[in-house]
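Asker: The structure that follows is given in the form of C-alpha coordinates.
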Amino acid sequence: MNSRQFKLKSIRPEILSATINDNMSADERFQNLVLRPIIKFQNDLLIEVFRNYVEKHKSVFYDLALEKRMVYIENAIQKDMKLRNSMKGMIIGQFTVEEYGIYIENSSALNKRMMNMVKERLLSNIQLFEKPELLEAV
(Lines give C-alpha, C1' and ligand atoms only; values in the text may rest on other atoms or scores of the structure.)
Protein backbone atom coordinates (compact mmCIF):
# COMPACT_ATOMS: atom_id res chain seq x y z
CA MET A 1 0.00 0.00 0.00
CA ASN A 2 1.50 3.33 -0.99
CA SER A 3 2.05 6.11 1.51
CA ARG A 4 -0.82 8.38 0.38
CA GLN A 5 -3.32 5.53 0.36
CA PHE A 6 -2.22 4.34 3.80
CA LYS A 7 -2.34 7.83 5.31
CA LEU A 8 -5.77 8.63 3.85
CA LYS A 9 -7.27 5.41 5.16
CA SER A 10 -5.61 5.75 8.57
CA ILE A 11 -7.16 9.16 9.33
CA ARG A 12 -10.72 8.12 8.50
CA PRO A 13 -12.98 7.46 11.45
CA GLU A 14 -14.26 3.95 11.92
CA ILE A 15 -18.03 3.71 11.69
CA LEU A 16 -19.11 0.78 13.77
CA SER A 17 -22.74 0.95 12.64
CA ALA A 18 -21.83 0.62 8.94
CA THR A 19 -22.80 -2.86 7.83
CA ILE A 20 -21.14 -4.74 5.00
CA ASN A 21 -22.59 -7.94 3.60
CA ASP A 22 -22.63 -10.01 0.43
CA ASN A 23 -26.13 -8.90 -0.58
CA MET A 24 -25.17 -5.22 -0.91
CA SER A 25 -24.88 -3.43 -4.20
CA ALA A 26 -21.45 -2.13 -5.16
CA ASP A 27 -22.71 1.43 -4.65
CA GLU A 28 -23.98 0.69 -1.16
CA ARG A 29 -20.71 -1.00 -0.27
CA PHE A 30 -18.76 2.03 -1.55
CA GLN A 31 -21.07 4.31 0.42
CA ASN A 32 -20.48 2.42 3.67
CA LEU A 33 -16.77 1.73 3.26
CA VAL A 34 -15.64 5.01 1.67
CA LEU A 35 -18.22 7.81 1.63
CA ARG A 36 -19.49 7.54 5.22
CA PRO A 37 -16.04 7.69 6.85
CA ILE A 38 -14.87 10.53 4.59
CA ILE A 39 -18.02 12.61 5.13
CA LYS A 40 -17.77 12.07 8.87
CA PHE A 41 -14.09 13.08 8.76
CA GLN A 42 -14.93 16.21 6.73
CA ASN A 43 -17.94 17.13 8.92
CA ASP A 44 -16.47 20.29 10.48
CA LEU A 45 -15.27 21.56 7.12
CA LEU A 46 -18.63 20.88 5.44
CA ILE A 47 -20.38 22.81 8.22
CA GLU A 48 -18.03 25.78 7.80
CA VAL A 49 -18.49 25.72 4.03
CA PHE A 50 -22.25 25.87 4.46
CA ARG A 51 -21.94 28.60 7.09
CA ASN A 52 -19.87 30.62 4.60
CA TYR A 53 -22.46 29.92 1.90
CA VAL A 54 -25.17 31.38 4.15
CA GLU A 55 -23.06 34.49 4.81
CA LYS A 56 -22.36 34.98 1.09
CA HIS A 57 -26.10 34.84 0.41
CA LYS A 58 -26.95 37.80 2.63
CA SER A 59 -27.70 35.62 5.67
CA VAL A 60 -31.40 35.25 4.77
CA PHE A 61 -31.12 31.74 6.22
CA TYR A 62 -30.98 33.19 9.75
CA ASP A 63 -34.38 34.85 9.37
CA LEU A 64 -36.14 31.61 8.43
CA ALA A 65 -38.16 29.31 10.67
CA LEU A 66 -36.71 25.84 11.32
CA GLU A 67 -38.79 24.11 8.64
CA LYS A 68 -37.80 26.72 6.03
CA ARG A 69 -34.15 26.38 7.06
CA MET A 70 -34.37 22.67 6.32
CA VAL A 71 -35.82 23.40 2.88
CA TYR A 72 -33.08 26.02 2.32
CA ILE A 73 -30.37 23.43 3.05
CA GLU A 74 -31.98 20.89 0.72
CA ASN A 75 -32.34 23.44 -2.08
CA ALA A 76 -28.79 24.72 -1.66
CA ILE A 77 -27.33 21.22 -1.87
CA GLN A 78 -29.55 20.22 -4.81
CA LYS A 79 -29.56 23.37 -6.93
CA ASP A 80 -26.41 25.42 -6.29
CA MET A 81 -23.82 23.79 -8.55
CA LYS A 82 -20.89 25.78 -7.14
CA LEU A 83 -21.68 24.67 -3.59
CA ARG A 84 -22.36 21.12 -4.72
CA ASN A 85 -19.15 20.85 -6.71
CA SER A 86 -17.12 22.37 -3.90
CA MET A 87 -18.47 19.85 -1.39
CA LYS A 88 -18.00 16.96 -3.82
CA GLY A 89 -14.39 18.04 -4.30
CA MET A 90 -13.76 17.98 -0.56
CA ILE A 91 -14.94 14.39 -0.47
CA ILE A 92 -13.41 13.14 -3.73
CA GLY A 93 -10.08 14.69 -2.71
CA GLN A 94 -9.98 12.19 0.16
CA PHE A 95 -10.29 9.16 -2.15
CA THR A 96 -7.40 6.85 -2.80
CA VAL A 97 -6.53 6.32 -6.47
CA GLU A 98 -8.23 2.92 -6.34
CA GLU A 99 -11.40 4.41 -4.80
CA TYR A 100 -11.43 7.11 -7.44
CA GLY A 101 -11.34 4.41 -10.12
CA ILE A 102 -14.40 2.77 -8.57
CA TYR A 103 -16.10 6.16 -8.21
CA ILE A 104 -15.74 7.15 -11.87
CA GLU A 105 -17.39 3.93 -13.00
CA ASN A 106 -20.69 5.08 -11.50
CA SER A 107 -20.12 8.69 -10.50
CA SER A 108 -23.69 9.83 -11.17
CA ALA A 109 -25.30 7.43 -8.69
CA LEU A 110 -22.47 7.88 -6.18
CA ASN A 111 -22.75 11.68 -6.41
CA LYS A 112 -26.43 11.38 -5.56
CA ARG A 113 -25.65 9.23 -2.52
CA MET A 114 -22.83 11.57 -1.53
CA MET A 115 -24.95 14.71 -1.67
CA ASN A 116 -27.83 13.04 0.18
CA MET A 117 -25.43 12.11 2.95
CA VAL A 118 -24.01 15.65 3.10
CA LYS A 119 -27.54 17.07 3.20
CA GLU A 120 -28.51 14.73 6.05
CA ARG A 121 -25.35 15.62 7.95
CA LEU A 122 -26.07 19.36 7.61
CA LEU A 123 -29.70 18.85 8.63
CA SER A 124 -28.64 16.86 11.69
CA ASN A 125 -26.33 19.73 12.65
CA ILE A 126 -28.85 22.48 11.94
CA GLN A 127 -28.59 23.78 15.52
CA LEU A 128 -25.04 24.90 14.69
CA PHE A 129 -26.36 27.36 12.10
CA GLU A 130 -27.39 30.26 14.27
CA LYS A 131 -26.63 33.94 13.80
CA PRO A 132 -22.98 34.42 14.71
CA GLU A 133 -23.73 37.26 17.18
CA LEU A 134 -26.16 35.00 19.06
CA LEU A 135 -23.48 32.37 19.53
CA GLU A 136 -20.93 34.90 20.78
CA ALA A 137 -23.27 36.26 23.44
CA VAL A 138 -23.67 32.88 25.13
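Note on naming: chains are A, B, ... as they come in the C-alpha coordinates, residues start from 1 per chain, ligands start from 1 in the order shown.
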Could you produce a table of the residues of stretch 43-78 of chain A lying within 9 Å of stretch 108-116 of chain A, with the nearest pair of atoms per residue and their separation in Å rounded to one decimal, using only C-alpha atoms, ordered by chain and increasing residue number, as a tab-separated table?

Answerer:
```
residue	atom	partner	partner_atom	distance
A:Glu74	CA	A:Asn116	CA	8.9
A:Ile77	CA	A:Met115	CA	6.9
A:Gln78	CA	A:Met115	CA	7.8
```

Asker: Please produce a file of the residues just selected, as a PDB file, in the first residue's frame, where the atoms kept are N, CA, C and O atoms.

Answerer:
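To be explicit, this is the file written out as part.pdb:
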```
ATOM      1  N   GLU A  74     -31.729  21.845   1.803  1.00  0.00           N
ATOM      2  CA  GLU A  74     -31.983  20.889   0.720  1.00  0.00           C
ATOM      3  C   GLU A  74     -31.841  21.546  -0.648  1.00  0.00           C
ATOM      4  O   GLU A  74     -31.203  20.994  -1.544  1.00  0.00           O
ATOM      5  N   ILE A  77     -28.103  22.411  -1.502  1.00  0.00           N
ATOM      6  CA  ILE A  77     -27.332  21.219  -1.869  1.00  0.00           C
ATOM      7  C   ILE A  77     -27.756  20.704  -3.249  1.00  0.00           C
ATOM      8  O   ILE A  77     -26.931  20.269  -4.038  1.00  0.00           O
ATOM      9  N   GLN A  78     -29.044  20.766  -3.544  1.00  0.00           N
ATOM     10  CA  GLN A  78     -29.545  20.222  -4.811  1.00  0.00           C
ATOM     11  C   GLN A  78     -29.320  21.145  -6.000  1.00  0.00           C
ATOM     12  O   GLN A  78     -29.007  20.687  -7.089  1.00  0.00           O
TER      13      GLN A  78
END
```

Asker: Please list as a PyMOL selection string every residue within 12 Å of stretch 21-31 of chain A, counting only C-alpha atoms and excluding residues in the same chain fewer than 3 positions away.

Answerer: chain A and resi 15+18+34-40+91+95+98-117

Asker: Could you pull out the alpha helix (DSSP H) residues of stretch 24-79 of chain A from DSSP and send them as an mmCIF file with all heavy atoms, in the first residue's frame?

Answerer:
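Dumped everything to part.cif:
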```cif
data_model
loop_
_atom_site.group_PDB
_atom_site.id
_atom_site.type_symbol
_atom_site.label_atom_id
_atom_site.label_comp_id
_atom_site.auth_asym_id
_atom_site.auth_seq_id
_atom_site.Cartn_x
_atom_site.Cartn_y
_atom_site.Cartn_z
ATOM 1 N N ALA A 26 -22.783 -2.731 -5.165
ATOM 2 C CA ALA A 26 -21.445 -2.134 -5.160
ATOM 3 C C ALA A 26 -21.512 -0.686 -4.680
ATOM 4 O O ALA A 26 -20.628 -0.229 -3.945
ATOM 5 C CB ALA A 26 -20.839 -2.211 -6.559
ATOM 6 N N ASP A 27 -22.568 0.035 -5.078
ATOM 7 C CA ASP A 27 -22.713 1.432 -4.654
ATOM 8 C C ASP A 27 -22.924 1.539 -3.146
ATOM 9 O O ASP A 27 -22.356 2.420 -2.494
ATOM 10 C CB ASP A 27 -23.891 2.101 -5.377
ATOM 11 C CG ASP A 27 -23.606 2.350 -6.849
ATOM 12 O OD1 ASP A 27 -22.454 2.142 -7.290
ATOM 13 O OD2 ASP A 27 -24.537 2.762 -7.560
ATOM 14 N N GLU A 28 -23.731 0.657 -2.594
ATOM 15 C CA GLU A 28 -23.983 0.687 -1.158
ATOM 16 C C GLU A 28 -22.715 0.330 -0.381
ATOM 17 O O GLU A 28 -22.409 0.929 0.652
ATOM 18 C CB GLU A 28 -25.116 -0.278 -0.801
ATOM 19 C CG GLU A 28 -25.615 -0.116 0.614
ATOM 20 C CD GLU A 28 -26.838 -0.973 0.905
ATOM 21 O OE1 GLU A 28 -27.315 -1.704 0.013
ATOM 22 O OE2 GLU A 28 -27.305 -0.903 2.063
ATOM 23 N N ARG A 29 -21.984 -0.619 -0.902
ATOM 24 C CA ARG A 29 -20.711 -1.005 -0.272
ATOM 25 C C ARG A 29 -19.740 0.177 -0.289
ATOM 26 O O ARG A 29 -19.108 0.494 0.721
ATOM 27 C CB ARG A 29 -20.113 -2.198 -1.015
ATOM 28 C CG ARG A 29 -18.802 -2.709 -0.428
ATOM 29 C CD ARG A 29 -18.282 -3.898 -1.239
ATOM 30 N NE ARG A 29 -19.246 -4.983 -1.304
ATOM 31 C CZ ARG A 29 -19.368 -5.936 -0.385
ATOM 32 N NH1 ARG A 29 -18.572 -5.931 0.654
ATOM 33 N NH2 ARG A 29 -20.262 -6.889 -0.505
ATOM 34 N N PHE A 30 -19.632 0.865 -1.426
ATOM 35 C CA PHE A 30 -18.757 2.033 -1.549
ATOM 36 C C PHE A 30 -19.211 3.129 -0.581
ATOM 37 O O PHE A 30 -18.397 3.773 0.075
ATOM 38 C CB PHE A 30 -18.777 2.551 -2.995
ATOM 39 C CG PHE A 30 -17.765 3.620 -3.271
ATOM 40 C CD1 PHE A 30 -16.451 3.293 -3.580
ATOM 41 C CD2 PHE A 30 -18.117 4.967 -3.231
ATOM 42 C CE1 PHE A 30 -15.503 4.285 -3.844
ATOM 43 C CE2 PHE A 30 -17.183 5.961 -3.488
ATOM 44 C CZ PHE A 30 -15.876 5.618 -3.790
ATOM 45 N N ARG A 36 -19.121 7.244 3.817
ATOM 46 C CA ARG A 36 -19.490 7.540 5.219
ATOM 47 C C ARG A 36 -18.289 7.997 6.057
ATOM 48 O O ARG A 36 -18.354 9.036 6.705
ATOM 49 C CB ARG A 36 -20.155 6.335 5.877
ATOM 50 C CG ARG A 36 -21.596 6.156 5.486
ATOM 51 C CD ARG A 36 -22.294 5.129 6.381
ATOM 52 N NE ARG A 36 -23.562 4.734 5.826
ATOM 53 C CZ ARG A 36 -24.639 5.503 5.750
ATOM 54 N NH1 ARG A 36 -24.599 6.721 6.210
ATOM 55 N NH2 ARG A 36 -25.749 5.058 5.212
ATOM 56 N N PRO A 37 -17.190 7.242 6.049
ATOM 57 C CA PRO A 37 -16.045 7.694 6.846
ATOM 58 C C PRO A 37 -15.481 9.045 6.390
ATOM 59 O O PRO A 37 -15.128 9.882 7.219
ATOM 60 C CB PRO A 37 -15.011 6.577 6.661
ATOM 61 C CG PRO A 37 -15.792 5.379 6.258
ATOM 62 C CD PRO A 37 -16.965 5.900 5.498
ATOM 63 N N ILE A 38 -15.420 9.268 5.088
ATOM 64 C CA ILE A 38 -14.872 10.533 4.593
ATOM 65 C C ILE A 38 -15.785 11.688 4.973
ATOM 66 O O ILE A 38 -15.314 12.738 5.433
ATOM 67 C CB ILE A 38 -14.641 10.481 3.060
ATOM 68 C CG1 ILE A 38 -13.484 9.536 2.737
ATOM 69 C CG2 ILE A 38 -14.375 11.875 2.505
ATOM 70 C CD1 ILE A 38 -13.284 9.276 1.254
ATOM 71 N N ILE A 39 -17.081 11.523 4.801
ATOM 72 C CA ILE A 39 -18.016 12.607 5.127
ATOM 73 C C ILE A 39 -17.992 12.889 6.629
ATOM 74 O O ILE A 39 -18.038 14.047 7.042
ATOM 75 C CB ILE A 39 -19.425 12.290 4.587
ATOM 76 C CG1 ILE A 39 -19.403 12.373 3.048
ATOM 77 C CG2 ILE A 39 -20.467 13.247 5.161
ATOM 78 C CD1 ILE A 39 -20.644 11.842 2.360
ATOM 79 N N LYS A 40 -17.880 11.857 7.425
ATOM 80 C CA LYS A 40 -17.771 12.074 8.868
ATOM 81 C C LYS A 40 -16.472 12.815 9.183
ATOM 82 O O LYS A 40 -16.458 13.742 9.993
ATOM 83 C CB LYS A 40 -17.821 10.735 9.613
ATOM 84 C CG LYS A 40 -17.791 10.897 11.116
ATOM 85 C CD LYS A 40 -17.993 9.580 11.827
ATOM 86 C CE LYS A 40 -18.054 9.803 13.332
ATOM 87 N NZ LYS A 40 -18.313 8.540 14.042
ATOM 88 N N PHE A 41 -15.379 12.424 8.550
ATOM 89 C CA PHE A 41 -14.092 13.076 8.755
ATOM 90 C C PHE A 41 -14.145 14.550 8.336
ATOM 91 O O PHE A 41 -13.569 15.409 8.992
ATOM 92 C CB PHE A 41 -13.013 12.333 7.948
ATOM 93 C CG PHE A 41 -11.660 12.966 8.016
ATOM 94 C CD1 PHE A 41 -10.899 12.883 9.175
ATOM 95 C CD2 PHE A 41 -11.137 13.631 6.931
ATOM 96 C CE1 PHE A 41 -9.643 13.465 9.244
ATOM 97 C CE2 PHE A 41 -9.884 14.219 6.985
ATOM 98 C CZ PHE A 41 -9.134 14.137 8.145
ATOM 99 N N ASN A 43 -16.759 16.488 8.335
ATOM 100 C CA ASN A 43 -17.936 17.128 8.919
ATOM 101 C C ASN A 43 -17.723 18.600 9.272
ATOM 102 O O ASN A 43 -18.501 19.461 8.864
ATOM 103 C CB ASN A 43 -18.396 16.358 10.153
ATOM 104 C CG ASN A 43 -19.665 16.920 10.728
ATOM 105 O OD1 ASN A 43 -20.704 16.929 10.075
ATOM 106 N ND2 ASN A 43 -19.599 17.403 11.959
ATOM 107 N N ASP A 44 -16.690 18.907 10.045
ATOM 108 C CA ASP A 44 -16.469 20.289 10.481
ATOM 109 C C ASP A 44 -16.246 21.224 9.294
ATOM 110 O O ASP A 44 -16.740 22.351 9.279
ATOM 111 C CB ASP A 44 -15.284 20.368 11.443
ATOM 112 C CG ASP A 44 -15.555 19.666 12.763
ATOM 113 O OD1 ASP A 44 -16.738 19.355 13.050
ATOM 114 O OD2 ASP A 44 -14.592 19.416 13.510
ATOM 115 N N LEU A 45 -15.514 20.746 8.308
ATOM 116 C CA LEU A 45 -15.273 21.557 7.116
ATOM 117 C C LEU A 45 -16.559 21.779 6.327
ATOM 118 O O LEU A 45 -16.838 22.898 5.890
ATOM 119 C CB LEU A 45 -14.209 20.895 6.235
ATOM 120 C CG LEU A 45 -13.827 21.644 4.957
ATOM 121 C CD1 LEU A 45 -13.303 23.042 5.280
ATOM 122 C CD2 LEU A 45 -12.793 20.840 4.185
ATOM 123 N N LEU A 46 -17.360 20.750 6.166
ATOM 124 C CA LEU A 46 -18.628 20.884 5.443
ATOM 125 C C LEU A 46 -19.553 21.882 6.139
ATOM 126 O O LEU A 46 -20.220 22.682 5.482
ATOM 127 C CB LEU A 46 -19.313 19.518 5.302
ATOM 128 C CG LEU A 46 -18.580 18.498 4.426
ATOM 129 C CD1 LEU A 46 -19.171 17.112 4.598
ATOM 130 C CD2 LEU A 46 -18.582 18.920 2.967
ATOM 131 N N ILE A 47 -19.559 21.868 7.460
ATOM 132 C CA ILE A 47 -20.377 22.813 8.222
ATOM 133 C C ILE A 47 -19.880 24.239 7.994
ATOM 134 O O ILE A 47 -20.672 25.152 7.757
ATOM 135 C CB ILE A 47 -20.389 22.448 9.718
ATOM 136 C CG1 ILE A 47 -21.245 21.194 9.919
ATOM 137 C CG2 ILE A 47 -20.906 23.606 10.572
ATOM 138 C CD1 ILE A 47 -21.138 20.569 11.282
ATOM 139 N N GLU A 48 -18.581 24.429 8.022
ATOM 140 C CA GLU A 48 -18.029 25.775 7.799
ATOM 141 C C GLU A 48 -18.289 26.257 6.374
ATOM 142 O O GLU A 48 -18.551 27.438 6.150
ATOM 143 C CB GLU A 48 -16.532 25.815 8.103
ATOM 144 C CG GLU A 48 -16.224 25.862 9.572
ATOM 145 C CD GLU A 48 -16.951 26.994 10.304
ATOM 146 O OE1 GLU A 48 -16.857 28.155 9.875
ATOM 147 O OE2 GLU A 48 -17.617 26.702 11.308
ATOM 148 N N VAL A 49 -18.207 25.364 5.424
ATOM 149 C CA VAL A 49 -18.495 25.723 4.027
ATOM 150 C C VAL A 49 -19.938 26.186 3.899
ATOM 151 O O VAL A 49 -20.221 27.193 3.257
ATOM 152 C CB VAL A 49 -18.192 24.541 3.079
ATOM 153 C CG1 VAL A 49 -18.793 24.757 1.702
ATOM 154 C CG2 VAL A 49 -16.697 24.326 2.988
ATOM 155 N N PHE A 50 -20.855 25.461 4.542
ATOM 156 C CA PHE A 50 -22.253 25.867 4.465
ATOM 157 C C PHE A 50 -22.483 27.175 5.208
ATOM 158 O O PHE A 50 -23.226 28.039 4.746
ATOM 159 C CB PHE A 50 -23.199 24.785 4.985
ATOM 160 C CG PHE A 50 -24.636 25.131 4.733
ATOM 161 C CD1 PHE A 50 -25.168 25.024 3.455
ATOM 162 C CD2 PHE A 50 -25.446 25.616 5.742
ATOM 163 C CE1 PHE A 50 -26.469 25.383 3.194
ATOM 164 C CE2 PHE A 50 -26.761 25.979 5.496
ATOM 165 C CZ PHE A 50 -27.275 25.870 4.219
ATOM 166 N N ARG A 51 -21.829 27.350 6.337
ATOM 167 C CA ARG A 51 -21.941 28.600 7.092
ATOM 168 C C ARG A 51 -21.470 29.775 6.222
ATOM 169 O O ARG A 51 -22.096 30.826 6.178
ATOM 170 C CB ARG A 51 -21.119 28.506 8.378
ATOM 171 C CG ARG A 51 -21.400 29.616 9.362
ATOM 172 C CD ARG A 51 -20.678 29.396 10.671
ATOM 173 N NE ARG A 51 -21.441 28.483 11.503
ATOM 174 C CZ ARG A 51 -20.934 27.484 12.213
ATOM 175 N NH1 ARG A 51 -19.647 27.257 12.204
ATOM 176 N NH2 ARG A 51 -21.705 26.725 12.946
ATOM 177 N N ASN A 52 -20.374 29.591 5.509
ATOM 178 C CA ASN A 52 -19.869 30.619 4.599
ATOM 179 C C ASN A 52 -20.848 30.869 3.459
ATOM 180 O O ASN A 52 -21.069 32.013 3.056
ATOM 181 C CB ASN A 52 -18.497 30.207 4.048
ATOM 182 C CG ASN A 52 -17.927 31.255 3.131
ATOM 183 O OD1 ASN A 52 -17.720 32.403 3.515
ATOM 184 N ND2 ASN A 52 -17.678 30.863 1.899
ATOM 185 N N TYR A 53 -21.454 29.807 2.953
ATOM 186 C CA TYR A 53 -22.459 29.925 1.897
ATOM 187 C C TYR A 53 -23.616 30.810 2.362
ATOM 188 O O TYR A 53 -24.074 31.685 1.631
ATOM 189 C CB TYR A 53 -22.965 28.528 1.518
ATOM 190 C CG TYR A 53 -24.082 28.508 0.514
ATOM 191 C CD1 TYR A 53 -23.806 28.575 -0.854
ATOM 192 C CD2 TYR A 53 -25.417 28.417 0.914
ATOM 193 C CE1 TYR A 53 -24.828 28.549 -1.792
ATOM 194 C CE2 TYR A 53 -26.440 28.392 -0.017
ATOM 195 C CZ TYR A 53 -26.145 28.458 -1.361
ATOM 196 O OH TYR A 53 -27.161 28.440 -2.287
ATOM 197 N N VAL A 54 -24.075 30.586 3.587
ATOM 198 C CA VAL A 54 -25.171 31.384 4.153
ATOM 199 C C VAL A 54 -24.758 32.859 4.222
ATOM 200 O O VAL A 54 -25.527 33.746 3.844
ATOM 201 C CB VAL A 54 -25.575 30.849 5.545
ATOM 202 C CG1 VAL A 54 -26.460 31.833 6.288
ATOM 203 C CG2 VAL A 54 -26.273 29.500 5.406
ATOM 204 N N GLU A 55 -23.551 33.111 4.696
ATOM 205 C CA GLU A 55 -23.056 34.492 4.810
ATOM 206 C C GLU A 55 -22.974 35.155 3.440
ATOM 207 O O GLU A 55 -23.348 36.316 3.287
ATOM 208 C CB GLU A 55 -21.675 34.520 5.475
ATOM 209 C CG GLU A 55 -21.660 34.036 6.901
ATOM 210 C CD GLU A 55 -22.412 34.936 7.858
ATOM 211 O OE1 GLU A 55 -22.378 36.168 7.680
ATOM 212 O OE2 GLU A 55 -23.049 34.392 8.775
ATOM 213 N N LYS A 56 -22.498 34.433 2.451
ATOM 214 C CA LYS A 56 -22.360 34.982 1.095
ATOM 215 C C LYS A 56 -23.719 35.279 0.457
ATOM 216 O O LYS A 56 -23.806 36.049 -0.484
ATOM 217 C CB LYS A 56 -21.584 34.017 0.205
ATOM 218 C CG LYS A 56 -20.176 33.798 0.634
ATOM 219 C CD LYS A 56 -19.255 34.708 -0.110
ATOM 220 C CE LYS A 56 -17.825 34.311 0.172
ATOM 221 N NZ LYS A 56 -16.993 35.394 0.558
ATOM 222 N N LEU A 66 -37.441 27.109 11.406
ATOM 223 C CA LEU A 66 -36.712 25.837 11.317
ATOM 224 C C LEU A 66 -37.070 25.034 10.070
ATOM 225 O O LEU A 66 -36.190 24.562 9.357
ATOM 226 C CB LEU A 66 -36.970 25.001 12.574
ATOM 227 C CG LEU A 66 -36.277 23.643 12.605
ATOM 228 C CD1 LEU A 66 -34.760 23.803 12.545
ATOM 229 C CD2 LEU A 66 -36.689 22.871 13.838
ATOM 230 N N GLU A 67 -38.356 24.892 9.809
ATOM 231 C CA GLU A 67 -38.793 24.111 8.636
ATOM 232 C C GLU A 67 -38.264 24.714 7.334
ATOM 233 O O GLU A 67 -37.802 23.995 6.443
ATOM 234 C CB GLU A 67 -40.316 24.033 8.613
ATOM 235 C CG GLU A 67 -40.801 23.111 7.525
ATOM 236 C CD GLU A 67 -41.704 22.024 8.066
ATOM 237 O OE1 GLU A 67 -41.674 21.729 9.267
ATOM 238 O OE2 GLU A 67 -42.439 21.474 7.260
ATOM 239 N N LYS A 68 -38.299 26.030 7.231
ATOM 240 C CA LYS A 68 -37.802 26.723 6.032
ATOM 241 C C LYS A 68 -36.278 26.599 5.932
ATOM 242 O O LYS A 68 -35.733 26.547 4.829
ATOM 243 C CB LYS A 68 -38.204 28.194 6.053
ATOM 244 C CG LYS A 68 -39.694 28.416 6.002
ATOM 245 C CD LYS A 68 -40.187 28.463 4.594
ATOM 246 C CE LYS A 68 -41.648 28.879 4.581
ATOM 247 N NZ LYS A 68 -42.279 28.602 3.337
ATOM 248 N N ARG A 69 -35.602 26.565 7.073
ATOM 249 C CA ARG A 69 -34.147 26.377 7.060
ATOM 250 C C ARG A 69 -33.804 25.008 6.481
ATOM 251 O O ARG A 69 -32.832 24.865 5.743
ATOM 252 C CB ARG A 69 -33.567 26.499 8.469
ATOM 253 C CG ARG A 69 -33.485 27.912 8.971
ATOM 254 C CD ARG A 69 -32.841 27.954 10.326
ATOM 255 N NE ARG A 69 -32.771 29.326 10.797
ATOM 256 C CZ ARG A 69 -32.014 29.714 11.805
ATOM 257 N NH1 ARG A 69 -31.290 28.835 12.460
ATOM 258 N NH2 ARG A 69 -31.997 30.979 12.167
ATOM 259 N N MET A 70 -34.602 24.025 6.833
ATOM 260 C CA MET A 70 -34.374 22.672 6.323
ATOM 261 C C MET A 70 -34.551 22.638 4.801
ATOM 262 O O MET A 70 -33.745 22.031 4.089
ATOM 263 C CB MET A 70 -35.302 21.688 7.019
ATOM 264 C CG MET A 70 -34.975 21.563 8.503
ATOM 265 S SD MET A 70 -36.200 20.630 9.432
ATOM 266 C CE MET A 70 -35.579 18.981 9.184
ATOM 267 N N VAL A 71 -35.574 23.313 4.326
ATOM 268 C CA VAL A 71 -35.818 23.396 2.884
ATOM 269 C C VAL A 71 -34.670 24.154 2.204
ATOM 270 O O VAL A 71 -34.203 23.769 1.129
ATOM 271 C CB VAL A 71 -37.179 24.072 2.594
ATOM 272 C CG1 VAL A 71 -37.357 24.366 1.115
ATOM 273 C CG2 VAL A 71 -38.316 23.202 3.111
ATOM 274 N N TYR A 72 -34.194 25.219 2.843
ATOM 275 C CA TYR A 72 -33.084 26.020 2.324
ATOM 276 C C TYR A 72 -31.846 25.145 2.134
ATOM 277 O O TYR A 72 -31.184 25.206 1.090
ATOM 278 C CB TYR A 72 -32.794 27.165 3.300
ATOM 279 C CG TYR A 72 -31.759 28.163 2.839
ATOM 280 C CD1 TYR A 72 -32.141 29.382 2.287
ATOM 281 C CD2 TYR A 72 -30.398 27.917 2.979
ATOM 282 C CE1 TYR A 72 -31.204 30.311 1.883
ATOM 283 C CE2 TYR A 72 -29.452 28.830 2.578
ATOM 284 C CZ TYR A 72 -29.861 30.034 2.036
ATOM 285 O OH TYR A 72 -28.915 30.949 1.630
ATOM 286 N N ILE A 73 -31.533 24.323 3.144
ATOM 287 C CA ILE A 73 -30.374 23.433 3.055
ATOM 288 C C ILE A 73 -30.547 22.457 1.898
ATOM 289 O O ILE A 73 -29.643 22.271 1.075
ATOM 290 C CB ILE A 73 -30.157 22.679 4.391
ATOM 291 C CG1 ILE A 73 -29.668 23.658 5.462
ATOM 292 C CG2 ILE A 73 -29.182 21.512 4.214
ATOM 293 C CD1 ILE A 73 -29.621 23.074 6.869
ATOM 294 N N GLU A 74 -31.729 21.845 1.803
ATOM 295 C CA GLU A 74 -31.983 20.889 0.720
ATOM 296 C C GLU A 74 -31.841 21.546 -0.648
ATOM 297 O O GLU A 74 -31.203 20.994 -1.544
ATOM 298 C CB GLU A 74 -33.384 20.285 0.874
ATOM 299 C CG GLU A 74 -33.490 19.343 2.040
ATOM 300 C CD GLU A 74 -34.863 18.726 2.188
ATOM 301 O OE1 GLU A 74 -35.536 18.507 1.166
ATOM 302 O OE2 GLU A 74 -35.253 18.453 3.334
ATOM 303 N N ASN A 75 -32.420 22.731 -0.802
ATOM 304 C CA ASN A 75 -32.339 23.437 -2.082
ATOM 305 C C ASN A 75 -30.905 23.844 -2.418
ATOM 306 O O ASN A 75 -30.484 23.736 -3.572
ATOM 307 C CB ASN A 75 -33.244 24.672 -2.084
ATOM 308 C CG ASN A 75 -34.706 24.310 -2.225
ATOM 309 O OD1 ASN A 75 -35.053 23.246 -2.738
ATOM 310 N ND2 ASN A 75 -35.571 25.178 -1.753
ATOM 311 N N ALA A 76 -30.181 24.315 -1.428
ATOM 312 C CA ALA A 76 -28.795 24.724 -1.661
ATOM 313 C C ALA A 76 -27.970 23.540 -2.159
ATOM 314 O O ALA A 76 -27.232 23.655 -3.147
ATOM 315 C CB ALA A 76 -28.192 25.308 -0.392
ATOM 316 N N ILE A 77 -28.103 22.411 -1.502
ATOM 317 C CA ILE A 77 -27.332 21.219 -1.869
ATOM 318 C C ILE A 77 -27.756 20.704 -3.249
ATOM 319 O O ILE A 77 -26.931 20.269 -4.038
ATOM 320 C CB ILE A 77 -27.509 20.104 -0.811
ATOM 321 C CG1 ILE A 77 -26.936 20.529 0.536
ATOM 322 C CG2 ILE A 77 -26.881 18.795 -1.277
ATOM 323 C CD1 ILE A 77 -25.453 20.726 0.584
ATOM 324 N N GLN A 78 -29.044 20.766 -3.544
ATOM 325 C CA GLN A 78 -29.545 20.222 -4.811
ATOM 326 C C GLN A 78 -29.320 21.145 -6.000
ATOM 327 O O GLN A 78 -29.007 20.687 -7.089
ATOM 328 C CB GLN A 78 -31.041 19.948 -4.683
ATOM 329 C CG GLN A 78 -31.397 18.960 -3.607
ATOM 330 C CD GLN A 78 -31.909 17.673 -4.169
ATOM 331 O OE1 GLN A 78 -32.704 17.674 -5.079
ATOM 332 N NE2 GLN A 78 -31.433 16.583 -3.626
ATOM 333 N N LYS A 79 -29.474 22.457 -5.783
ATOM 334 C CA LYS A 79 -29.556 23.373 -6.929
ATOM 335 C C LYS A 79 -28.344 24.269 -7.147
ATOM 336 O O LYS A 79 -28.144 24.744 -8.262
ATOM 337 C CB LYS A 79 -30.804 24.244 -6.784
ATOM 338 C CG LYS A 79 -32.074 23.409 -6.847
ATOM 339 C CD LYS A 79 -33.321 24.231 -6.680
ATOM 340 C CE LYS A 79 -34.548 23.322 -6.737
ATOM 341 N NZ LYS A 79 -35.748 23.966 -6.293
#
```

Asker: So how far away is atom CA of A:Lys131 from atom CA of A:Ser59, in Å?

Answerer: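 About the pair atom CA of A:Ser59 and atom CA of A:Lys131: they are 8.4 Å apart.
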
Asker: Return the single residue from A:Ser86, A:Asn32, A:Glu130, A:Phe6 that is closest to A:Leu64, with distances computed using only C-alpha atoms.

Answerer: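 Of A:Ser86, A:Asn32, A:Glu130, A:Phe6, the one nearest A:Leu64 is A:Glu130, counting only C-alpha atoms.
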